[in-house]
$ cat query.cif   # mmCIF, C-alpha atoms
data_structure
#
loop_
_atom_site.group_PDB
_atom_site.id
_atom_site.type_symbol
_atom_site.label_atom_id
_atom_site.label_comp_id
_atom_site.auth_asym_id
_atom_site.auth_seq_id
_atom_site.Cartn_x
_atom_site.Cartn_y
_atom_site.Cartn_z
ATOM 1 C CA MET S 1 -13.194 -7.069 17.284
ATOM 2 C CA THR S 2 -10.829 -9.711 15.912
ATOM 3 C CA SER S 3 -11.197 -13.139 14.388
ATOM 4 C CA GLU S 4 -9.029 -16.038 15.589
ATOM 5 C CA SER S 5 -8.933 -17.795 12.204
ATOM 6 C CA LYS S 6 -7.372 -14.987 10.150
ATOM 7 C CA GLN S 7 -5.932 -11.528 10.531
ATOM 8 C CA SER S 8 -9.123 -9.516 10.456
ATOM 9 C CA LEU S 9 -11.011 -6.828 12.287
ATOM 10 C CA VAL S 10 -14.394 -5.197 11.869
ATOM 11 C CA LEU S 11 -15.140 -1.463 11.757
ATOM 12 C CA GLY S 12 -18.874 -0.893 11.757
ATOM 13 C CA ASP S 13 -20.201 -2.972 8.863
ATOM 14 C CA VAL S 14 -16.832 -3.309 7.113
ATOM 15 C CA GLU S 15 -14.527 -6.290 7.651
ATOM 16 C CA ILE S 16 -10.816 -5.703 7.029
ATOM 17 C CA ILE S 17 -8.531 -8.670 6.334
ATOM 18 C CA ARG S 18 -4.762 -8.467 6.066
ATOM 19 C CA VAL S 19 -2.916 -10.584 3.485
ATOM 20 C CA VAL S 20 0.885 -10.255 3.653
ATOM 21 C CA GLU S 21 2.891 -11.076 0.538
ATOM 22 C CA TRP S 22 6.358 -10.377 1.970
ATOM 23 C CA GLN S 23 7.915 -8.864 5.081
ATOM 24 C CA GLY S 24 11.517 -8.135 6.037
ATOM 25 C CA ALA S 25 14.463 -5.745 5.973
ATOM 26 C CA PHE S 26 14.029 -3.598 2.886
ATOM 27 C CA ALA S 27 16.593 -0.801 2.619
ATOM 28 C CA PRO S 28 19.026 1.308 4.667
ATOM 29 C CA ALA S 29 16.923 3.462 6.954
ATOM 30 C CA ARG S 30 18.301 6.766 5.719
ATOM 31 C CA GLY S 31 18.373 5.507 2.173
ATOM 32 C CA LEU S 32 14.625 5.033 2.395
ATOM 33 C CA LEU S 33 14.060 8.345 4.224
ATOM 34 C CA ALA S 34 16.853 10.574 3.018
ATOM 35 C CA ASP S 35 15.709 13.553 5.112
ATOM 36 C CA SER S 36 15.685 11.588 8.362
ATOM 37 C CA THR S 37 18.570 11.710 10.816
ATOM 38 C CA ALA S 38 20.270 8.951 12.767
ATOM 39 C CA ARG S 39 18.940 10.624 15.926
ATOM 40 C CA MET S 40 15.305 10.215 14.766
ATOM 41 C CA TRP S 41 15.762 6.462 14.570
ATOM 42 C CA GLN S 42 17.920 6.095 17.669
ATOM 43 C CA ASP S 43 15.666 8.182 19.936
ATOM 44 C CA ASN S 44 12.693 5.983 19.035
ATOM 45 C CA GLU S 45 14.456 2.624 19.077
ATOM 46 C CA ALA S 46 12.241 1.303 21.892
ATOM 47 C CA TRP S 47 9.192 1.130 19.630
ATOM 48 C CA LEU S 48 10.781 0.980 16.168
ATOM 49 C CA VAL S 49 12.637 -2.251 16.966
ATOM 50 C CA PRO S 50 12.106 -4.954 15.772
ATOM 51 C CA ASP S 51 9.021 -4.335 13.622
ATOM 52 C CA HIS S 52 10.187 -1.204 11.786
ATOM 53 C CA TRP S 53 13.962 -0.980 12.164
ATOM 54 C CA HIS S 54 16.900 -3.347 12.550
ATOM 55 C CA PRO S 55 19.544 -1.096 14.153
ATOM 56 C CA ASP S 56 22.453 -3.538 13.830
ATOM 57 C CA GLU S 57 22.246 -3.270 10.047
ATOM 58 C CA ASP S 58 20.466 0.133 10.038
ATOM 59 C CA ALA S 59 17.715 -1.386 7.875
ATOM 60 C CA ALA S 60 14.127 -0.221 7.587
ATOM 61 C CA VAL S 61 11.683 -3.120 7.910
ATOM 62 C CA MET S 62 8.671 -3.155 5.618
ATOM 63 C CA ALA S 63 5.847 -5.367 4.391
ATOM 64 C CA LEU S 64 4.133 -5.871 1.068
ATOM 65 C CA GLN S 65 0.480 -6.516 1.798
ATOM 66 C CA THR S 66 -3.015 -6.353 0.422
ATOM 67 C CA TRP S 67 -5.985 -5.231 2.456
ATOM 68 C CA VAL S 68 -9.219 -7.084 1.757
ATOM 69 C CA LEU S 69 -12.367 -5.142 2.595
ATOM 70 C CA ARG S 70 -15.800 -6.741 2.723
ATOM 71 C CA SER S 71 -18.231 -3.870 2.393
ATOM 72 C CA ALA S 72 -21.838 -3.529 1.221
ATOM 73 C CA GLY S 73 -21.889 -7.121 0.013
ATOM 74 C CA ARG S 74 -18.759 -6.760 -2.108
ATOM 75 C CA THR S 75 -15.116 -7.794 -1.828
ATOM 76 C CA VAL S 76 -12.611 -4.980 -2.365
ATOM 77 C CA LEU S 77 -8.825 -5.355 -2.606
ATOM 78 C CA VAL S 78 -6.613 -2.396 -1.690
ATOM 79 C CA ASP S 79 -3.359 -2.759 -3.664
ATOM 80 C CA THR S 80 -2.096 -6.036 -5.091
ATOM 81 C CA GLY S 81 1.563 -6.343 -4.162
ATOM 82 C CA VAL S 82 4.552 -7.128 -6.332
ATOM 83 C CA GLY S 83 3.290 -10.204 -8.205
ATOM 84 C CA ASN S 84 5.077 -13.285 -9.500
ATOM 85 C CA GLY S 85 7.499 -13.651 -12.374
ATOM 86 C CA ARG S 86 7.991 -9.966 -13.126
ATOM 87 C CA GLU S 87 10.920 -8.399 -14.911
ATOM 88 C CA ARG S 88 12.081 -5.871 -12.307
ATOM 89 C CA PRO S 89 15.819 -5.481 -12.944
ATOM 90 C CA HIS S 90 16.042 -2.313 -10.856
ATOM 91 C CA ALA S 91 14.340 -3.958 -7.838
ATOM 92 C CA PRO S 92 16.519 -7.046 -7.277
ATOM 93 C CA GLN S 93 14.585 -8.156 -4.197
ATOM 94 C CA PHE S 94 11.525 -8.762 -6.384
ATOM 95 C CA HIS S 95 13.042 -9.489 -9.802
ATOM 96 C CA HIS S 96 11.491 -12.809 -10.910
ATOM 97 C CA TRP S 97 9.888 -13.114 -7.484
ATOM 98 C CA GLN S 98 7.772 -16.198 -6.779
ATOM 99 C CA GLY S 99 5.492 -16.326 -3.736
ATOM 100 C CA ASP S 100 2.203 -17.823 -2.605
ATOM 101 C CA PHE S 101 0.050 -14.712 -2.578
ATOM 102 C CA LEU S 102 -2.980 -16.376 -4.166
ATOM 103 C CA GLY S 103 -2.732 -19.178 -1.627
ATOM 104 C CA ARG S 104 -2.686 -16.632 1.186
ATOM 105 C CA LEU S 105 -5.657 -14.878 -0.365
ATOM 106 C CA ALA S 106 -7.510 -18.204 -0.545
ATOM 107 C CA ALA S 107 -6.677 -18.871 3.110
ATOM 108 C CA ALA S 108 -8.394 -15.569 3.879
ATOM 109 C CA GLY S 109 -11.490 -16.873 2.081
ATOM 110 C CA VAL S 110 -11.056 -14.965 -1.179
ATOM 111 C CA ARG S 111 -10.928 -16.585 -4.632
ATOM 112 C CA PRO S 112 -9.954 -14.436 -7.630
ATOM 113 C CA GLU S 113 -13.467 -14.670 -9.066
ATOM 114 C CA ASP S 114 -14.915 -13.371 -5.769
ATOM 115 C CA VAL S 115 -13.260 -9.961 -6.056
ATOM 116 C CA ASP S 116 -15.574 -7.139 -7.128
ATOM 117 C CA VAL S 117 -13.270 -4.110 -6.904
ATOM 118 C CA VAL S 118 -9.492 -3.650 -7.017
ATOM 119 C CA VAL S 119 -8.133 -0.332 -5.744
ATOM 120 C CA ASN S 120 -4.635 0.672 -6.835
ATOM 121 C CA THR S 121 -3.732 3.543 -4.508
ATOM 122 C CA HIS S 122 -1.040 4.443 -7.056
ATOM 123 C CA LEU S 123 0.839 2.813 -9.915
ATOM 124 C CA HIS S 124 4.116 1.725 -8.400
ATOM 125 C CA ALA S 125 5.200 -1.833 -9.154
ATOM 126 C CA ASP S 126 4.691 -3.105 -5.597
ATOM 127 C CA HIS S 127 1.032 -2.011 -5.612
ATOM 128 C CA VAL S 128 -0.169 -3.463 -8.903
ATOM 129 C CA GLY S 129 1.664 -6.767 -9.370
ATOM 130 C CA TRP S 130 -1.242 -9.118 -8.807
ATOM 131 C CA ASN S 131 -3.496 -7.033 -11.029
ATOM 132 C CA THR S 132 -2.517 -9.669 -13.581
ATOM 133 C CA HIS S 133 -1.109 -13.182 -13.795
ATOM 134 C CA ASP S 134 0.896 -15.088 -16.376
ATOM 135 C CA ALA S 135 -1.453 -17.258 -18.458
ATOM 136 C CA ALA S 136 0.728 -19.318 -20.804
ATOM 137 C CA GLY S 137 2.963 -16.360 -21.576
ATOM 138 C CA GLU S 138 0.225 -13.703 -21.662
ATOM 139 C CA TRP S 139 -0.538 -11.274 -18.852
ATOM 140 C CA LEU S 140 -4.256 -11.413 -18.036
ATOM 141 C CA PRO S 141 -6.300 -9.853 -15.205
ATOM 142 C CA THR S 142 -6.118 -12.005 -12.073
ATOM 143 C CA PHE S 143 -9.578 -10.953 -10.931
ATOM 144 C CA PRO S 144 -11.912 -11.578 -13.874
ATOM 145 C CA ASN S 145 -15.058 -10.036 -12.368
ATOM 146 C CA ALA S 146 -13.493 -6.946 -10.818
ATOM 147 C CA ARG S 147 -13.486 -3.288 -11.693
ATOM 148 C CA TYR S 148 -9.954 -1.905 -11.295
ATOM 149 C CA LEU S 149 -10.002 1.646 -9.897
ATOM 150 C CA ILE S 150 -6.906 3.430 -11.205
ATOM 151 C CA PRO S 151 -6.006 7.095 -10.538
ATOM 152 C CA GLU S 152 -6.246 8.911 -13.840
ATOM 153 C CA ALA S 153 -3.206 11.097 -13.149
ATOM 154 C CA ASP S 154 -1.032 8.040 -12.528
ATOM 155 C CA ASP S 155 -2.390 6.241 -15.566
ATOM 156 C CA PHE S 156 -1.274 9.187 -17.679
ATOM 157 C CA HIS S 157 2.078 9.655 -15.918
ATOM 158 C CA PHE S 158 3.137 6.004 -16.109
ATOM 159 C CA GLY S 159 1.399 5.229 -19.390
ATOM 160 C CA PRO S 160 2.607 5.458 -22.987
ATOM 161 C CA ARG S 161 1.272 8.994 -23.548
ATOM 162 C CA ASN S 162 3.916 10.227 -21.083
ATOM 163 C CA SER S 163 6.588 7.772 -22.273
ATOM 164 C CA HIS S 164 6.047 5.670 -19.133
ATOM 165 C CA GLY S 165 7.009 8.153 -16.442
ATOM 166 C CA GLY S 166 9.066 10.231 -18.805
ATOM 167 C CA GLY S 167 11.371 7.286 -19.393
ATOM 168 C CA LEU S 168 13.291 7.981 -16.181
ATOM 169 C CA ARG S 169 12.939 4.463 -14.747
ATOM 170 C CA PRO S 170 12.834 1.466 -17.110
ATOM 171 C CA ASP S 171 10.827 -0.544 -14.566
ATOM 172 C CA ASP S 172 7.922 1.900 -14.962
ATOM 173 C CA ARG S 173 7.400 0.760 -18.552
ATOM 174 C CA LEU S 174 7.676 -2.890 -17.546
ATOM 175 C CA MET S 175 5.187 -2.340 -14.712
ATOM 176 C CA TYR S 176 2.654 -0.622 -16.916
ATOM 177 C CA GLU S 177 2.902 -3.178 -19.697
ATOM 178 C CA ASP S 178 2.519 -6.272 -17.502
ATOM 179 C CA SER S 179 0.235 -5.006 -14.729
ATOM 180 C CA VAL S 180 -1.873 -2.104 -16.056
ATOM 181 C CA ALA S 181 -2.195 -2.303 -19.846
ATOM 182 C CA PRO S 182 -3.819 -5.785 -19.720
ATOM 183 C CA VAL S 183 -6.556 -4.393 -17.464
ATOM 184 C CA HIS S 184 -7.263 -1.689 -20.026
ATOM 185 C CA ARG S 185 -7.396 -4.248 -22.812
ATOM 186 C CA SER S 186 -9.916 -6.353 -20.879
ATOM 187 C CA GLY S 187 -12.191 -3.328 -20.368
ATOM 188 C CA GLN S 188 -11.963 -3.595 -16.571
ATOM 189 C CA ALA S 189 -10.054 -0.347 -15.878
ATOM 190 C CA VAL S 190 -11.971 2.581 -14.369
ATOM 191 C CA LEU S 191 -10.031 5.852 -14.289
ATOM 192 C CA TRP S 192 -11.005 8.399 -11.654
ATOM 193 C CA ASP S 193 -9.825 11.727 -10.252
ATOM 194 C CA GLY S 194 -10.666 13.897 -7.269
ATOM 195 C CA VAL S 195 -13.179 11.873 -5.246
ATOM 196 C CA HIS S 196 -14.675 8.501 -6.129
ATOM 197 C CA ARG S 197 -17.328 6.883 -3.957
ATOM 198 C CA ILE S 198 -17.214 3.078 -4.030
ATOM 199 C CA ASP S 199 -20.192 2.466 -1.733
ATOM 200 C CA GLU S 200 -21.825 3.975 1.348
ATOM 201 C CA HIS S 201 -18.788 3.100 3.484
ATOM 202 C CA LEU S 202 -15.795 3.544 1.149
ATOM 203 C CA THR S 203 -14.527 6.683 -0.585
ATOM 204 C CA LEU S 204 -11.369 7.302 -2.584
ATOM 205 C CA GLU S 205 -9.712 10.728 -2.451
ATOM 206 C CA SER S 206 -6.772 12.109 -4.421
ATOM 207 C CA ALA S 207 -3.681 12.655 -2.251
ATOM 208 C CA PRO S 208 -0.930 13.574 -4.724
ATOM 209 C CA GLY S 209 2.787 13.984 -4.172
ATOM 210 C CA HIS S 210 4.207 10.504 -3.822
ATOM 211 C CA THR S 211 2.968 10.075 -7.372
ATOM 212 C CA PRO S 212 0.743 12.457 -9.354
ATOM 213 C CA GLY S 213 -2.330 10.287 -8.716
ATOM 214 C CA SER S 214 -1.635 8.887 -5.251
ATOM 215 C CA ALA S 215 -4.853 8.287 -3.340
ATOM 216 C CA VAL S 216 -6.205 7.418 0.080
ATOM 217 C CA LEU S 217 -9.229 5.250 0.790
ATOM 218 C CA ARG S 218 -11.488 6.340 3.641
ATOM 219 C CA VAL S 219 -13.761 3.995 5.580
ATOM 220 C CA ALA S 220 -16.678 5.338 7.613
ATOM 221 C CA SER S 221 -19.174 2.904 9.090
ATOM 222 C CA GLY S 222 -21.071 2.616 12.344
ATOM 223 C CA GLY S 223 -19.286 5.587 13.866
ATOM 224 C CA GLU S 224 -15.855 4.075 13.205
ATOM 225 C CA ARG S 225 -13.329 5.428 10.758
ATOM 226 C CA ALA S 226 -10.167 4.331 8.989
ATOM 227 C CA VAL S 227 -7.930 5.594 6.220
ATOM 228 C CA PHE S 228 -5.716 3.527 3.929
ATOM 229 C CA VAL S 229 -2.884 5.892 3.074
ATOM 230 C CA GLY S 230 -0.854 3.906 0.544
ATOM 231 C CA ASP S 231 2.720 5.187 0.381
ATOM 232 C CA LEU S 232 2.185 8.469 2.200
ATOM 233 C CA LEU S 233 3.928 6.585 5.012
ATOM 234 C CA HIS S 234 6.746 4.064 4.575
ATOM 235 C CA SER S 235 7.954 4.207 8.185
ATOM 236 C CA PRO S 236 6.547 5.391 11.527
ATOM 237 C CA VAL S 237 9.413 7.919 11.563
ATOM 238 C CA GLN S 238 7.320 9.924 9.091
ATOM 239 C CA ILE S 239 4.567 10.256 11.697
ATOM 240 C CA LEU S 240 7.030 11.986 14.011
ATOM 241 C CA ALA S 241 8.554 13.979 11.135
ATOM 242 C CA PRO S 242 5.962 14.457 8.373
ATOM 243 C CA SER S 243 8.400 16.486 6.280
ATOM 244 C CA CYS S 244 10.521 13.371 5.692
ATOM 245 C CA ASN S 245 9.778 11.922 2.286
ATOM 246 C CA SER S 246 10.705 8.509 1.021
ATOM 247 C CA CYS S 247 13.204 8.185 -1.806
ATOM 248 C CA PHE S 248 10.269 7.164 -4.023
ATOM 249 C CA CYS S 249 8.281 10.421 -3.708
ATOM 250 C CA LEU S 250 8.137 12.185 -7.074
ATOM 251 C CA ASP S 251 7.122 15.649 -5.797
ATOM 252 C CA ALA S 252 8.781 16.174 -2.417
ATOM 253 C CA ASP S 253 7.023 19.396 -1.405
ATOM 254 C CA GLN S 254 3.577 18.176 -2.396
ATOM 255 C CA ALA S 255 4.124 14.768 -0.759
ATOM 256 C CA ALA S 256 5.096 16.389 2.553
ATOM 257 C CA ALA S 257 2.122 18.766 2.488
ATOM 258 C CA THR S 258 -0.281 15.947 1.655
ATOM 259 C CA ARG S 259 1.199 13.733 4.392
ATOM 260 C CA ARG S 260 0.679 16.406 7.043
ATOM 261 C CA ARG S 261 -2.877 17.075 5.859
ATOM 262 C CA ILE S 262 -3.838 13.401 5.981
ATOM 263 C CA LEU S 263 -2.198 12.946 9.403
ATOM 264 C CA GLU S 264 -4.081 15.974 10.752
ATOM 265 C CA GLN S 265 -7.372 14.556 9.512
ATOM 266 C CA ALA S 266 -6.562 11.124 10.945
ATOM 267 C CA ALA S 267 -5.693 12.530 14.364
ATOM 268 C CA ASP S 268 -8.695 14.857 14.522
ATOM 269 C CA GLY S 269 -11.103 12.197 13.226
ATOM 270 C CA ARG S 270 -9.657 9.337 15.309
ATOM 271 C CA GLU S 271 -9.151 7.309 12.159
ATOM 272 C CA LEU S 272 -7.308 4.016 12.241
ATOM 273 C CA VAL S 273 -4.409 4.512 9.804
ATOM 274 C CA PHE S 274 -3.414 1.688 7.428
ATOM 275 C CA PRO S 275 -0.138 2.424 5.603
ATOM 276 C CA ALA S 276 0.707 0.153 2.702
ATOM 277 C CA HIS S 277 4.034 -1.070 4.034
ATOM 278 C CA PHE S 278 4.082 -1.061 7.828
ATOM 279 C CA ALA S 279 5.239 -4.379 9.230
ATOM 280 C CA GLY S 280 4.397 -5.432 12.773
ATOM 281 C CA SER S 281 0.824 -4.499 13.593
ATOM 282 C CA GLY S 282 0.462 -2.719 10.267
ATOM 283 C CA ALA S 283 -2.124 -0.164 11.436
ATOM 284 C CA LEU S 284 -2.413 2.394 14.201
ATOM 285 C CA GLU S 285 -4.148 5.424 15.640
ATOM 286 C CA ILE S 286 -2.188 8.644 15.971
ATOM 287 C CA ARG S 287 -2.621 11.762 18.067
ATOM 288 C CA ARG S 288 -1.341 15.299 17.929
ATOM 289 C CA GLU S 289 1.475 16.385 20.218
ATOM 290 C CA ALA S 290 2.420 20.052 19.933
ATOM 291 C CA ASP S 291 3.005 20.639 16.216
ATOM 292 C CA THR S 292 3.554 17.022 15.260
ATOM 293 C CA PHE S 293 2.101 13.547 15.810
ATOM 294 C CA ILE S 294 2.870 10.385 17.752
ATOM 295 C CA PRO S 295 1.628 6.793 17.564
ATOM 296 C CA ALA S 296 -1.210 6.369 20.061
ATOM 297 C CA ARG S 297 -2.439 2.783 19.700
ATOM 298 C CA TRP S 298 -1.467 -0.077 17.418
ATOM 299 C CA ALA S 299 -4.100 -2.357 15.936
ATOM 300 C CA SER S 300 -4.384 -5.819 17.449
ATOM 301 C CA TRP S 301 -4.395 -8.828 15.115
ATOM 302 C CA PRO S 302 -4.308 -12.577 15.722
ATOM 303 C CA ALA S 303 -0.898 -14.162 15.243
ATOM 304 C CA SER S 304 -0.112 -15.069 11.630
ATOM 305 C CA GLU S 305 2.197 -17.506 9.918
ATOM 306 C CA ALA S 306 5.628 -16.357 8.793
ATOM 307 C CA THR S 307 5.599 -14.715 5.400
ATOM 308 C CA GLY S 308 7.925 -15.047 2.492
ATOM 309 C CA GLY S 309 8.535 -16.356 -0.969
ATOM 310 C CA ARG S 310 11.326 -17.355 -3.289
ATOM 311 C CA ARG S 311 12.937 -16.086 -6.428
ATOM 312 C CA ALA S 312 12.547 -18.101 -9.575
#

$ encode --input "query.cif" --output "structure tokens"
Amino acid sequence: MTSESKQSLVLGDVEIIRVVEWQGAFAPARGLLADSTARMWQDNEAWLVPDHWHPDEDAAVMALQTWVLRSAGRTVLVDTGVGNGRERPHAPQFHHWQGDFLGRLAAAGVRPEDVDVVVNTHLHADHVGWNTHDAAGEWLPTFPNARYLIPEADDFHFGPRNSHGGGLRPDDRLMYEDSVAPVHRSGQAVLWDGVHRIDEHLTLESAPGHTPGSAVLRVASGGERAVFVGDLLHSPVQILAPSCNSCFCLDADQAAATRRRILEQAADGRELVFPAHFAGSGALEIRREADTFIPARWASWPASEATGGRRA
């Protein structure tokens, strides 16, 4: 069921609230999904436009959003967006970004001190930004009472022991230093691998490929199921063509295999799928069709205010 006062729905005993940090045209469609073809987008224009594709500019549409889960008496955040005031020279859309994420979180009824658990599905800059905030020139954890669940494989890959992602992308070092290292220093980081059970309804599972430690979060409560898949999906085109990776996937073969496995489980288990970056409805059920998958039903949310922010 849905609530009229905020974008929320309830699955069993778990409430899911959507908090959007930013939404808009992000990148050229086939720049984002290099293995996709123009035909894949054009043949599905009727349902890709306008929420997922702007054909006039051939731009993929995406959202940066945090999912708030209220489960077993605790408040859990799934990913924390891009954050304010970050040095991100190789991501000009979000370099020195300033938005009202904490205000949007408050409007959803969540204060920073209320958060019990933060889940980073992986350690890319647009999933960890609000892990911390700028406190008089020092990056400190935004959520002072939370445990931050961080995939161990990603913490190694993007951390100093691996020269911050092997030194291939300068933004990886900046991301780790401003959004992850402060959580370690505060003693709030919890590294995990394989399977990590948060409570009786929520379970984290490793789903590598996009990054070495990429994870999905499964929800099972009252006979209803959902899966938060992080960046396994950037566009609905990848549901139709699971072999299509995004330009951000570090291990293409593993990412494609993991994507197909998670989609198979979602279709067979009738799980509601929550990708990290889908605009529009943001979540959907899928079903099998021959040897691939198609969108079956999009989640229904109350109307929300326009989203956005400004650069400093």

$ residues_around --input "query.cif" --residues "range 152-167 of chain S" --least-positions-apart "2" --cutoff "8 Å" --atoms "all atoms listed in the file" --output "list in words"
His122, Leu123, Ile150, Arg169, Pro170, Asp172, Arg173, Tyr176, Leu191, Trp192, Asp193, Thr211, Pro212, Gly213 and Ser214 of chain S

$ closest_residue --input "query.cif" --among "S:Pro89, S:Ser206, S:Ala136, S:Val219" --to "Glu15 in chain S" --atoms "all atoms listed in the file"
S:Val219

$ closest_residue --input "query.cif" --among "S:Val190, S:Val61, S:Val273, S:Met175" --to "Val117 in chain S" --atoms "all atoms listed in the file"
S:Val190

$ atom_distance --input "query.cif" --atom1 "CA of Glu224 in chain S" --atom2 "CA of Thr75 in chain S"
19.2 Å

$ atom_distance --input "query.cif" --atom1 "CA of Leu140 in chain S" --atom2 "CA of Val183 in chain S"
7.4 Å

$ residues_around --input "query.cif" --residues "Pro236 in chain S" --least-positions-apart "3" --cutoff "10 Å" --atoms "all atoms listed in the file" --output "list of chain:residue names"
S:Trp41, S:Asn44, S:Trp47, S:Leu48, S:His52, S:Trp53, S:Leu233, S:Ile239, S:Leu240, S:Ala241, S:Pro242, S:Pro275, S:Phe278, S:Leu284, S:Ile294, S:Pro295

$ write_last_selection --input "query.cif" --atoms "C-alpha atoms" --output "compact mmCIF listing (two decimals), in the frame of the given file"
# COMPACT_ATOMS: atom_id res chain seq x y z
CA TRP S 41 15.76 6.46 14.57
CA ASN S 44 12.69 5.98 19.04
CA TRP S 47 9.19 1.13 19.63
CA LEU S 48 10.78 0.98 16.17
CA HIS S 52 10.19 -1.20 11.79
CA TRP S 53 13.96 -0.98 12.16
CA LEU S 233 3.93 6.58 5.01
CA ILE S 239 4.57 10.26 11.70
CA LEU S 240 7.03 11.99 14.01
CA ALA S 241 8.55 13.98 11.14
CA PRO S 242 5.96 14.46 8.37
CA PRO S 275 -0.14 2.42 5.60
CA PHE S 278 4.08 -1.06 7.83
CA LEU S 284 -2.41 2.39 14.20
CA ILE S 294 2.87 10.38 17.75
CA PRO S 295 1.63 6.79 17.56

$ residues_around --input "query.cif" --residues "Ala279 in chain S" --least-positions-apart "6" --cutoff "6 Å" --atoms "only C-alpha atoms" --output "MDAnalysis selection string"
chainID S and resid 51 62:63

$ residues_around --input "query.cif" --residues "Val229 in chain S" --least-positions-apart "4" --cutoff "10 Å" --atoms "only C-alpha atoms" --output "ChimeraX atom specification"
/S:121,207,214-218,233-234,259,262-263,273-277

$ closest_residue --input "query.cif" --among "S:Leu102, S:Val20, S:Gly230, S:His95" --to "Asp79 in chain S" --atoms "all atoms listed in the file"
S:Gly230

$ atom_distance --input "query.cif" --atom1 "CA of Ala220 in chain S" --atom2 "CA of Gly12 in chain S"
7.8 Å

$ resolve_selection --input "query.cif" --expression "the PyMOL selection byres ((chain S and resi 104) around 12)" --output "short mmCIF file (atom, residue, chain, number, x, y, z; two decimals) with C-alpha atoms, in the coordinates of the input"
data_model
loop_
_atom_site.label_atom_id
_atom_site.label_comp_id
_atom_site.auth_asym_id
_atom_site.auth_seq_id
_atom_site.Cartn_x
_atom_site.Cartn_y
_atom_site.Cartn_z
CA LYS S 6 -7.37 -14.99 10.15
CA GLN S 7 -5.93 -11.53 10.53
CA ILE S 17 -8.53 -8.67 6.33
CA ARG S 18 -4.76 -8.47 6.07
CA VAL S 19 -2.92 -10.58 3.48
CA VAL S 20 0.88 -10.26 3.65
CA GLU S 21 2.89 -11.08 0.54
CA TRP S 22 6.36 -10.38 1.97
CA GLN S 65 0.48 -6.52 1.80
CA THR S 66 -3.02 -6.35 0.42
CA TRP S 67 -5.98 -5.23 2.46
CA VAL S 68 -9.22 -7.08 1.76
CA GLY S 99 5.49 -16.33 -3.74
CA ASP S 100 2.20 -17.82 -2.60
CA PHE S 101 0.05 -14.71 -2.58
CA LEU S 102 -2.98 -16.38 -4.17
CA GLY S 103 -2.73 -19.18 -1.63
CA LEU S 105 -5.66 -14.88 -0.36
CA ALA S 106 -7.51 -18.20 -0.55
CA ALA S 107 -6.68 -18.87 3.11
CA ALA S 108 -8.39 -15.57 3.88
CA GLY S 109 -11.49 -16.87 2.08
CA VAL S 110 -11.06 -14.96 -1.18
CA ARG S 111 -10.93 -16.58 -4.63
CA PRO S 112 -9.95 -14.44 -7.63
CA SER S 304 -0.11 -15.07 11.63
CA GLU S 305 2.20 -17.51 9.92
CA ALA S 306 5.63 -16.36 8.79
CA THR S 307 5.60 -14.72 5.40
CA GLY S 308 7.92 -15.05 2.49
CA GLY S 309 8.54 -16.36 -0.97
#

$ closest_residue --input "query.cif" --among "S:Ser186, S:Val237, S:Glu138, S:Asp114" --to "Arg39 in chain S" --atoms "only C-alpha atoms"
S:Val237

$ build_atoms --input "query.cif" --residues "range 284-294 of chain S" --atoms "N, CA and C atoms" --output "short mmCIF file (atom, residue, chain, number, x, y, z; two decimals), in the coordinates of the input"
data_model
loop_
_atom_site.label_atom_id
_atom_site.label_comp_id
_atom_site.auth_asym_id
_atom_site.auth_seq_id
_atom_site.Cartn_x
_atom_site.Cartn_y
_atom_site.Cartn_z
N LEU S 284 -2.49 1.71 12.91
CA LEU S 284 -2.41 2.39 14.20
C LEU S 284 -3.29 3.63 14.22
N GLU S 285 -3.57 4.10 15.44
CA GLU S 285 -4.15 5.42 15.64
C GLU S 285 -3.02 6.37 16.01
N ILE S 286 -3.18 7.64 15.62
CA ILE S 286 -2.19 8.64 15.97
C ILE S 286 -2.88 9.78 16.71
N ARG S 287 -2.08 10.57 17.42
CA ARG S 287 -2.62 11.76 18.07
C ARG S 287 -1.64 12.91 17.90
N ARG S 288 -2.18 14.11 18.02
CA ARG S 288 -1.34 15.30 17.93
C ARG S 288 -0.55 15.47 19.22
N GLU S 289 0.67 15.96 19.07
CA GLU S 289 1.48 16.39 20.22
C GLU S 289 2.25 17.61 19.79
N ALA S 290 1.87 18.76 20.36
CA ALA S 290 2.42 20.05 19.93
C ALA S 290 2.16 20.22 18.43
N ASP S 291 3.21 20.41 17.64
CA ASP S 291 3.00 20.64 16.22
C ASP S 291 3.28 19.40 15.38
N THR S 292 3.33 18.25 16.02
CA THR S 292 3.55 17.02 15.26
C THR S 292 2.64 15.93 15.79
N PHE S 293 2.98 14.67 15.52
CA PHE S 293 2.10 13.55 15.81
C PHE S 293 2.91 12.43 16.44
N ILE S 294 2.22 11.56 17.19
CA ILE S 294 2.87 10.38 17.75
C ILE S 294 1.93 9.20 17.62
#
